[in-house]
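> Pasting in a structure now, in structure tokens, and then I'll have a few things to ask.
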Amino acid sequence: MSVRRFFVGILASIGFLIVLLIVAAALTGYFLWPKSAPLAGKMMLEIDFEKGLQEYAPTEQVAGLIGRKKLSVREMVLAIQKAAEDRRVIGLVARVGSQAMGLATVQEMRSAITAFRGKNKPASVYSETFGEFGPGNGPYYLAAAFDKIYLQPSGDVGLTGLVYQTPFLKETLAKLGVYPELGRRGEYKTAVNTFTETRYTEPHEVSLQAVMQSNFEQMVNGIATSRGLSADSVRMLFNQGPFSSSQAERAKLVDRLLYRDEVYDSIRNETDRAAQFISIEKYWRQVAQDEPEEPVIAVIYGVGAVHLGKSESSRLFGTMSMGSDTVTQAFRAAAKDDKVKAIIFRVNSPGGSYVASDTIWRQVLLTREAGKPVVVSMGDVAASGGYFVSIGADKIVAQPSTLTGSIGVFAGKAVTRDFWTKLGVTWDEVHTSDHATMWSSTREYTPAEWEILQKWLDRVYEDFTTKVSKSRDLPLDQVQEAAKGRVWTGAMAKSLGLVDELGGFPEAVRIAKELAHIPVHAEARLEVYPEEKSTIELIVETLWGNDDEDLSSEDTSLELLASAAKTLEILHRAAATAGLLPNPEVLSTPEAGFMHGR
């Protein structure tokens, strides 16, 4: 027996024992743990936004066998909607504080809370602090949607305004001996600027300033409306922040200064002391079972960077990607299912591969041709390739702060020859053809290769803008003016005709019903495609693989090793950016993380 086989066998045995322990825990919990008790006759729902929200978490993971996953954005919205109509629910109390959310996600939650209050049900929120030696703009923006805001006496309200910051690595790369050779189509396609500039170009600054100001005004107006203040006074408060608890109370930013136990006593006294406090997660697990079997509106997720192949996720880093194989298969499955009357395509993506984006765009069109209307619901960001995959839908719905557009393309490589020389590494090669070394990071583009790249950029940009024009029924010159790689907020995009309506899941569901001729007041079942797997299916796949796999024990061990290696994905991404690895993200926009001051 070889040494390699010996160690692979040990790894396989360890992996098998771990799986058996997980299976045993899952089965023990299923058969022995007490089932959820019936819901009380009077309930006060509890929401802890400090747990965070996930856009989507696929259950085909071993981790899905144990524990309770936190609610997705969709589930949270639906749970609050159900509670608003449920006579047993007399109100809700939420905890908000330092957990960062995208502004579009905050707006989704604000809308749900506002609709809940519209049913004459109280909604209170408490916080230990809205930023402790840090900004608390986003959490406070969310809190302002509630009837009453309680703040711990030692807390603060970190209203300090928004700031967008971008790192520029041109001089750093030069010191390392790395020289980017990048081409782009539109002057606002600023993803390359991080590597080619030392500060904002005029188009870069204009674009960011416009997006920042749009988002800031949305926050100002939202807070002003919710708190009964004028927009000018809220702008002034942003200039004066951060605030201590007593200052915040005097400025009418919060209602009372109380600790958590005092908050709960106050709520009990003001509502019904007999009401039982219950978590939104427990409530949703029970009421979700009440959804009708039909009609079905399928929900398909396109989350993360777009690439060819299957969608991937990392539990370690909390990241997901949008694989064209996974998404198109989900569309085909939904299109063939007679129960499915319409499809909501939830997109939260900064973009990625042009070819993968085009593949998904085509499948959306085929799904519509099969008679299934498609409505896109955009999350925090749906730009560049994330916008490309959306344009084939019947309708596009975005939040006012959604980052979208970025209709442009970039491509190229970083020449790393001098970097390797500094390390004492030299390269040599043999090749067969004139352009065999075109994508090598150790050589510059030849004039002929640079011309090929420019023609490719022209072709992709023309294809992108033409498809936007036809799909959105907009004149091509109007699309070209809105394109140029520029990022827009959802509110700005609507005025340009790039999206149809502003809102979140409820608006997408309403439009999907209209397109599918489902009565507006009729309940519909939202079903995720591909369908979530049962516990038994997860166990079987974990132990023996799925129908697409026929793995030996050695292959299984290598799979386990490959899975562990994904912990290095951040380094992998950095290497790709530096030109050390192929990088297919030619239709991408800077991720929303460049905004600080939330």
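Labeling convention for the structure tokens: chains A, B, ... as they appear, residues from 1 per chain, ligands from 1 in order of appearance.
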Where in region 277-363 of chain A does DSSP assign alpha helix (DSSP H), given as a ChimeraX atom specification?
/A:280-287,324-336,354-363
> Keeping only C-alpha atoms, write the selected residues to a file as a compact mmCIF listing (two decimals), in the first residue's frame.

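Result file follows (again-v6.txt):
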# COMPACT_ATOMS: atom_id res chain seq x y z
CA ILE A 280 -39.93 34.97 15.02
CA GLU A 281 -38.02 31.79 14.07
CA LYS A 282 -40.31 29.56 16.15
CA TYR A 283 -43.37 31.36 14.85
CA TRP A 284 -42.27 30.95 11.23
CA ARG A 285 -41.50 27.24 11.60
CA GLN A 286 -45.12 26.66 12.52
CA VAL A 287 -47.02 29.08 10.29
CA SER A 324 -24.96 29.03 -14.38
CA ASP A 325 -25.59 25.26 -14.25
CA THR A 326 -27.43 25.45 -10.92
CA VAL A 327 -29.54 28.47 -11.85
CA THR A 328 -30.50 27.27 -15.33
CA GLN A 329 -31.41 23.81 -14.01
CA ALA A 330 -33.65 25.45 -11.42
CA PHE A 331 -35.40 27.44 -14.16
CA ARG A 332 -35.91 24.33 -16.28
CA ALA A 333 -37.34 22.43 -13.31
CA ALA A 334 -39.74 25.25 -12.46
CA ALA A 335 -40.77 25.64 -16.09
CA LYS A 336 -41.71 21.94 -16.31
CA TYR A 354 -20.00 37.30 -19.24
CA VAL A 355 -20.59 33.86 -20.70
CA ALA A 356 -22.26 32.56 -17.53
CA SER A 357 -24.44 35.68 -17.33
CA ASP A 358 -25.47 35.22 -20.96
CA THR A 359 -26.31 31.56 -20.30
CA ILE A 360 -28.65 32.50 -17.45
CA TRP A 361 -30.18 35.36 -19.49
CA ARG A 362 -31.02 32.89 -22.27
CA GLN A 363 -32.67 30.46 -19.85
> Can you pull out the residues contacting Glu462 (chain A)? Cut-off 12 Å, using only C-alpha atoms, and skip same-chain residues under 3 positions away; I want them as a list in words.
Arg185, Gly186, Ile407, Gly408, Val409, Lys455, Trp456, Leu457, Asp458, Arg459, Thr465, Thr466, Lys467, Val468, Ser469, Leu476, Asp477, Val479, Gln480, Ala483 and Lys484 of chain A
> One decimal, Å: what's the distance from CA of Ala123 (chain A) over to CA of Pro135 (chain A), could you say?
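Answer for the CA of Ala123 (chain A) to CA of Pro135 (chain A) separation: 24.1 Å.
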> Residues of region 73-297 of chain A in strand (DSSP E) according to DSSP, as a PyMOL selection string?
chain A and resi 89-95+123-127+148-151+156-157+163-164+179-185+243-244+256-257+276-279+296-297
> Counting only C-alpha atoms, figure out which residue out of A:Arg260, A:Arg235, A:Arg273, A:Arg443 gets nearest to Glu181 (chain A).
A:Arg443
> With a distance cut-off of 12 Å and only C-alpha atoms, select the neighbouring residues of region 291-298 of chain A, excluding the residue or stretch itself and same-chain residues fewer than 4 positions from it, and output the selection as a PyMOL selection string.
chain A and resi 78-79+82+284-287+330-346+372-376+505+508-519+522-531
> Go ahead and write the selection's residues with C-alpha atoms as a PDB file, in the first residue's frame.

ATOM      1  CA  LEU A  78     -43.172  36.476   5.037  1.00  0.00           C
ATOM      2  CA  ALA A  79     -43.172  35.789   8.794  1.00  0.00           C
ATOM      3  CA  LYS A  82     -48.222  36.413   8.460  1.00  0.00           C
ATOM      4  CA  TRP A 284     -42.270  30.954  11.230  1.00  0.00           C
ATOM      5  CA  ARG A 285     -41.503  27.244  11.603  1.00  0.00           C
ATOM      6  CA  GLN A 286     -45.118  26.657  12.522  1.00  0.00           C
ATOM      7  CA  VAL A 287     -47.019  29.083  10.294  1.00  0.00           C
ATOM      8  CA  ALA A 330     -33.648  25.454 -11.423  1.00  0.00           C
ATOM      9  CA  PHE A 331     -35.399  27.442 -14.156  1.00  0.00           C
ATOM     10  CA  ARG A 332     -35.909  24.332 -16.282  1.00  0.00           C
ATOM     11  CA  ALA A 333     -37.343  22.432 -13.312  1.00  0.00           C
ATOM     12  CA  ALA A 334     -39.738  25.254 -12.457  1.00  0.00           C
ATOM     13  CA  ALA A 335     -40.774  25.642 -16.086  1.00  0.00           C
ATOM     14  CA  LYS A 336     -41.706  21.944 -16.315  1.00  0.00           C
ATOM     15  CA  ASP A 337     -43.643  21.896 -13.024  1.00  0.00           C
ATOM     16  CA  ASP A 338     -47.361  22.349 -13.711  1.00  0.00           C
ATOM     17  CA  LYS A 339     -47.918  23.629 -10.175  1.00  0.00           C
ATOM     18  CA  VAL A 340     -45.633  26.602 -10.795  1.00  0.00           C
ATOM     19  CA  LYS A 341     -47.547  29.558 -12.205  1.00  0.00           C
ATOM     20  CA  ALA A 342     -44.801  32.198 -12.014  1.00  0.00           C
ATOM     21  CA  ILE A 343     -41.162  32.606 -10.951  1.00  0.00           C
ATOM     22  CA  ILE A 344     -39.439  35.167  -8.753  1.00  0.00           C
ATOM     23  CA  PHE A 345     -35.730  35.375  -9.539  1.00  0.00           C
ATOM     24  CA  ARG A 346     -34.013  36.890  -6.497  1.00  0.00           C
ATOM     25  CA  LYS A 372     -43.984  31.021 -17.033  1.00  0.00           C
ATOM     26  CA  PRO A 373     -43.711  34.738 -16.194  1.00  0.00           C
ATOM     27  CA  VAL A 374     -40.496  35.779 -14.468  1.00  0.00           C
ATOM     28  CA  VAL A 375     -40.142  38.673 -12.015  1.00  0.00           C
ATOM     29  CA  VAL A 376     -36.712  39.738 -10.765  1.00  0.00           C
ATOM     30  CA  PHE A 505     -40.583  40.552  -2.024  1.00  0.00           C
ATOM     31  CA  ALA A 508     -42.501  40.995  -6.596  1.00  0.00           C
ATOM     32  CA  VAL A 509     -45.177  38.553  -5.415  1.00  0.00           C
ATOM     33  CA  ARG A 510     -47.950  40.986  -6.336  1.00  0.00           C
ATOM     34  CA  ILE A 511     -46.564  41.448  -9.854  1.00  0.00           C
ATOM     35  CA  ALA A 512     -46.008  37.691 -10.277  1.00  0.00           C
ATOM     36  CA  LYS A 513     -49.663  37.083  -9.349  1.00  0.00           C
ATOM     37  CA  GLU A 514     -50.829  39.671 -11.851  1.00  0.00           C
ATOM     38  CA  LEU A 515     -48.762  38.162 -14.656  1.00  0.00           C
ATOM     39  CA  ALA A 516     -49.941  34.633 -13.778  1.00  0.00           C
ATOM     40  CA  HIS A 517     -53.588  35.750 -13.417  1.00  0.00           C
ATOM     41  CA  ILE A 518     -53.714  34.707  -9.776  1.00  0.00           C
ATOM     42  CA  PRO A 519     -56.269  36.761  -7.792  1.00  0.00           C
ATOM     43  CA  ALA A 522     -55.418  34.614  -3.104  1.00  0.00           C
ATOM     44  CA  GLU A 523     -52.636  32.969  -1.110  1.00  0.00           C
ATOM     45  CA  ALA A 524     -49.806  31.415  -3.069  1.00  0.00           C
ATOM     46  CA  ARG A 525     -47.043  29.089  -1.971  1.00  0.00           C
ATOM     47  CA  LEU A 526     -43.501  30.416  -2.415  1.00  0.00           C
ATOM     48  CA  GLU A 527     -41.344  27.389  -3.127  1.00  0.00           C
ATOM     49  CA  VAL A 528     -37.575  27.534  -3.538  1.00  0.00           C
ATOM     50  CA  TYR A 529     -36.088  25.828  -6.600  1.00  0.00           C
ATOM     51  CA  PRO A 530     -34.112  23.626  -6.627  1.00  0.00           C
ATOM     52  CA  GLU A 531     -36.298  22.026  -3.981  1.00  0.00           C
TER      53      GLU A 531
END
> I'd like the interatomic distance between CA of Tyr200 (chain A) and CA of Ala174 (chain A), to a tenth of an Å.
18.2 Å
> For the atom pair CA of Gly177 (chain A) and CA of Ala305 (chain A), what is the interatomic distance in Å to one decimal place?
28.3 Å
> Excluding region 220-224 of chain A and residues on its chain fewer than 5 positions from it, collect all residues at most 9 Å away from it, counting only C-alpha atoms, and give them as a list in words.
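Once the nearby chain positions are removed, what remains is Tyr140, Tyr141, Leu142, Ala144, Ala145, Asn215, Leu229, Ser230, Ala231, Asp232, Ser233, Val234, Arg235 and Phe238 of chain A.
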> Let me make sure I understand: among A:Lys252, A:Lys413, A:Arg110, A:Lys70, which one has the smallest atom-to-atom distance to Leu182 (chain A) if we use only C-alpha atoms?
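Under the stated criterion, the closest residue is A:Lys413.
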> What's the 7 Å shell around Leu45 (chain A), counting only C-alpha atoms, without same-chain residues fewer than 3 positions away, as a list in words?
Gly91, Leu92, Val93, Phe277, Ile278, Ser279 and Ile280 of chain A
> Take the residues from that selection and put them in a file with C-alpha atoms, as a PDB file, in the first residue's frame.

ATOM      1  CA  GLY A  91     -47.370  43.137  18.598  1.00  0.00           C
ATOM      2  CA  LEU A  92     -43.641  42.656  18.210  1.00  0.00           C
ATOM      3  CA  VAL A  93     -40.424  43.760  19.817  1.00  0.00           C
ATOM      4  CA  PHE A 277     -43.171  36.243  23.977  1.00  0.00           C
ATOM      5  CA  ILE A 278     -42.093  33.985  21.102  1.00  0.00           C
ATOM      6  CA  SER A 279     -39.197  34.219  18.654  1.00  0.00           C
ATOM      7  CA  ILE A 280     -39.931  34.967  15.018  1.00  0.00           C
TER       8      ILE A 280
END
> Here is a test: counting only C-alpha atoms, which residue of A:Thr416, A:Ser433, A:Thr196, A:Thr402 is nearest to Leu176 (chain A)?
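Among A:Thr416, A:Ser433, A:Thr196, A:Thr402, it is A:Thr416 that comes nearest to Leu176 (chain A).
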> With distances taken over only C-alpha atoms, which residue among A:Tyr150, A:Tyr445, A:Trp488, A:Phe130 lies nearest Leu403 (chain A)?
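Counting only C-alpha atoms, the residue closest to Leu403 (chain A) is A:Trp488.
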> With distances taken over only C-alpha atoms, which of A:Glu187, A:Gly134, A:Glu444, A:Leu159 is nearest to Glu481 (chain A)?
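Of the candidates, the smallest distance to Glu481 (chain A) is held by A:Glu187.
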> Select from region 313-402 of chain A every residue with an atom at most 12 Å from any atom of region 492-499 of chain A, then for each give the shortest pair of atoms and their distance in Å to one decimal, using only C-alpha atoms, rows by chain and rising number, as JSON lines.

{"residue": "A:Val375", "atom": "CA", "partner": "A:Val499", "partner_atom": "CA", "distance": 11.0}
{"residue": "A:Val376", "atom": "CA", "partner": "A:Val499", "partner_atom": "CA", "distance": 9.4}
{"residue": "A:Ser377", "atom": "CA", "partner": "A:Val499", "partner_atom": "CA", "distance": 10.0}
{"residue": "A:Met378", "atom": "CA", "partner": "A:Val499", "partner_atom": "CA", "distance": 9.6}
{"residue": "A:Ala382", "atom": "CA", "partner": "A:Val499", "partner_atom": "CA", "distance": 11.0}
{"residue": "A:Ala383", "atom": "CA", "partner": "A:Ala493", "partner_atom": "CA", "distance": 11.0}
{"residue": "A:Tyr387", "atom": "CA", "partner": "A:Leu498", "partner_atom": "CA", "distance": 9.1}
{"residue": "A:Phe388", "atom": "CA", "partner": "A:Leu498", "partner_atom": "CA", "distance": 11.0}
{"residue": "A:Ser390", "atom": "CA", "partner": "A:Val499", "partner_atom": "CA", "distance": 9.5}
{"residue": "A:Ile391", "atom": "CA", "partner": "A:Leu498", "partner_atom": "CA", "distance": 8.5}
{"residue": "A:Gly392", "atom": "CA", "partner": "A:Val499", "partner_atom": "CA", "distance": 11.7}
{"residue": "A:Ala393", "atom": "CA", "partner": "A:Val499", "partner_atom": "CA", "distance": 10.5}
{"residue": "A:Asp394", "atom": "CA", "partner": "A:Val499", "partner_atom": "CA", "distance": 10.6}
{"residue": "A:Lys395", "atom": "CA", "partner": "A:Val499", "partner_atom": "CA", "distance": 7.5}
{"residue": "A:Ile396", "atom": "CA", "partner": "A:Val499", "partner_atom": "CA", "distance": 5.1}
{"residue": "A:Val397", "atom": "CA", "partner": "A:Val499", "partner_atom": "CA", "distance": 6.2}
{"residue": "A:Ala398", "atom": "CA", "partner": "A:Val499", "partner_atom": "CA", "distance": 6.8}
{"residue": "A:Gln399", "atom": "CA", "partner": "A:Val499", "partner_atom": "CA", "distance": 9.9}
{"residue": "A:Pro400", "atom": "CA", "partner": "A:Met492", "partner_atom": "CA", "distance": 7.8}
{"residue": "A:Ser401", "atom": "CA", "partner": "A:Met492", "partner_atom": "CA", "distance": 8.9}
{"residue": "A:Thr402", "atom": "CA", "partner": "A:Ala493", "partner_atom": "CA", "distance": 9.2}
> Can you write just those residues out, C-alpha atoms, as a compact mmCIF listing (two decimals), in the first residue's frame?

# COMPACT_ATOMS: atom_id res chain seq x y z
CA VAL A 375 -40.14 38.67 -12.02
CA VAL A 376 -36.71 39.74 -10.77
CA SER A 377 -36.44 40.94 -7.17
CA MET A 378 -33.13 42.70 -6.59
CA ALA A 382 -27.60 43.47 -8.85
CA ALA A 383 -25.07 45.15 -11.11
CA TYR A 387 -28.02 43.17 -14.07
CA PHE A 388 -27.39 41.12 -17.23
CA SER A 390 -32.06 40.19 -14.76
CA ILE A 391 -32.94 41.91 -18.02
CA GLY A 392 -34.69 38.90 -19.59
CA ALA A 393 -37.45 38.99 -16.95
CA ASP A 394 -40.96 40.32 -17.52
CA LYS A 395 -40.52 42.84 -14.72
CA ILE A 396 -37.68 44.03 -12.48
CA VAL A 397 -38.27 45.18 -8.89
CA ALA A 398 -35.49 46.88 -6.90
CA GLN A 399 -35.21 48.64 -3.58
CA PRO A 400 -34.50 52.39 -3.79
CA SER A 401 -30.94 51.77 -2.54
CA THR A 402 -30.17 48.66 -4.61
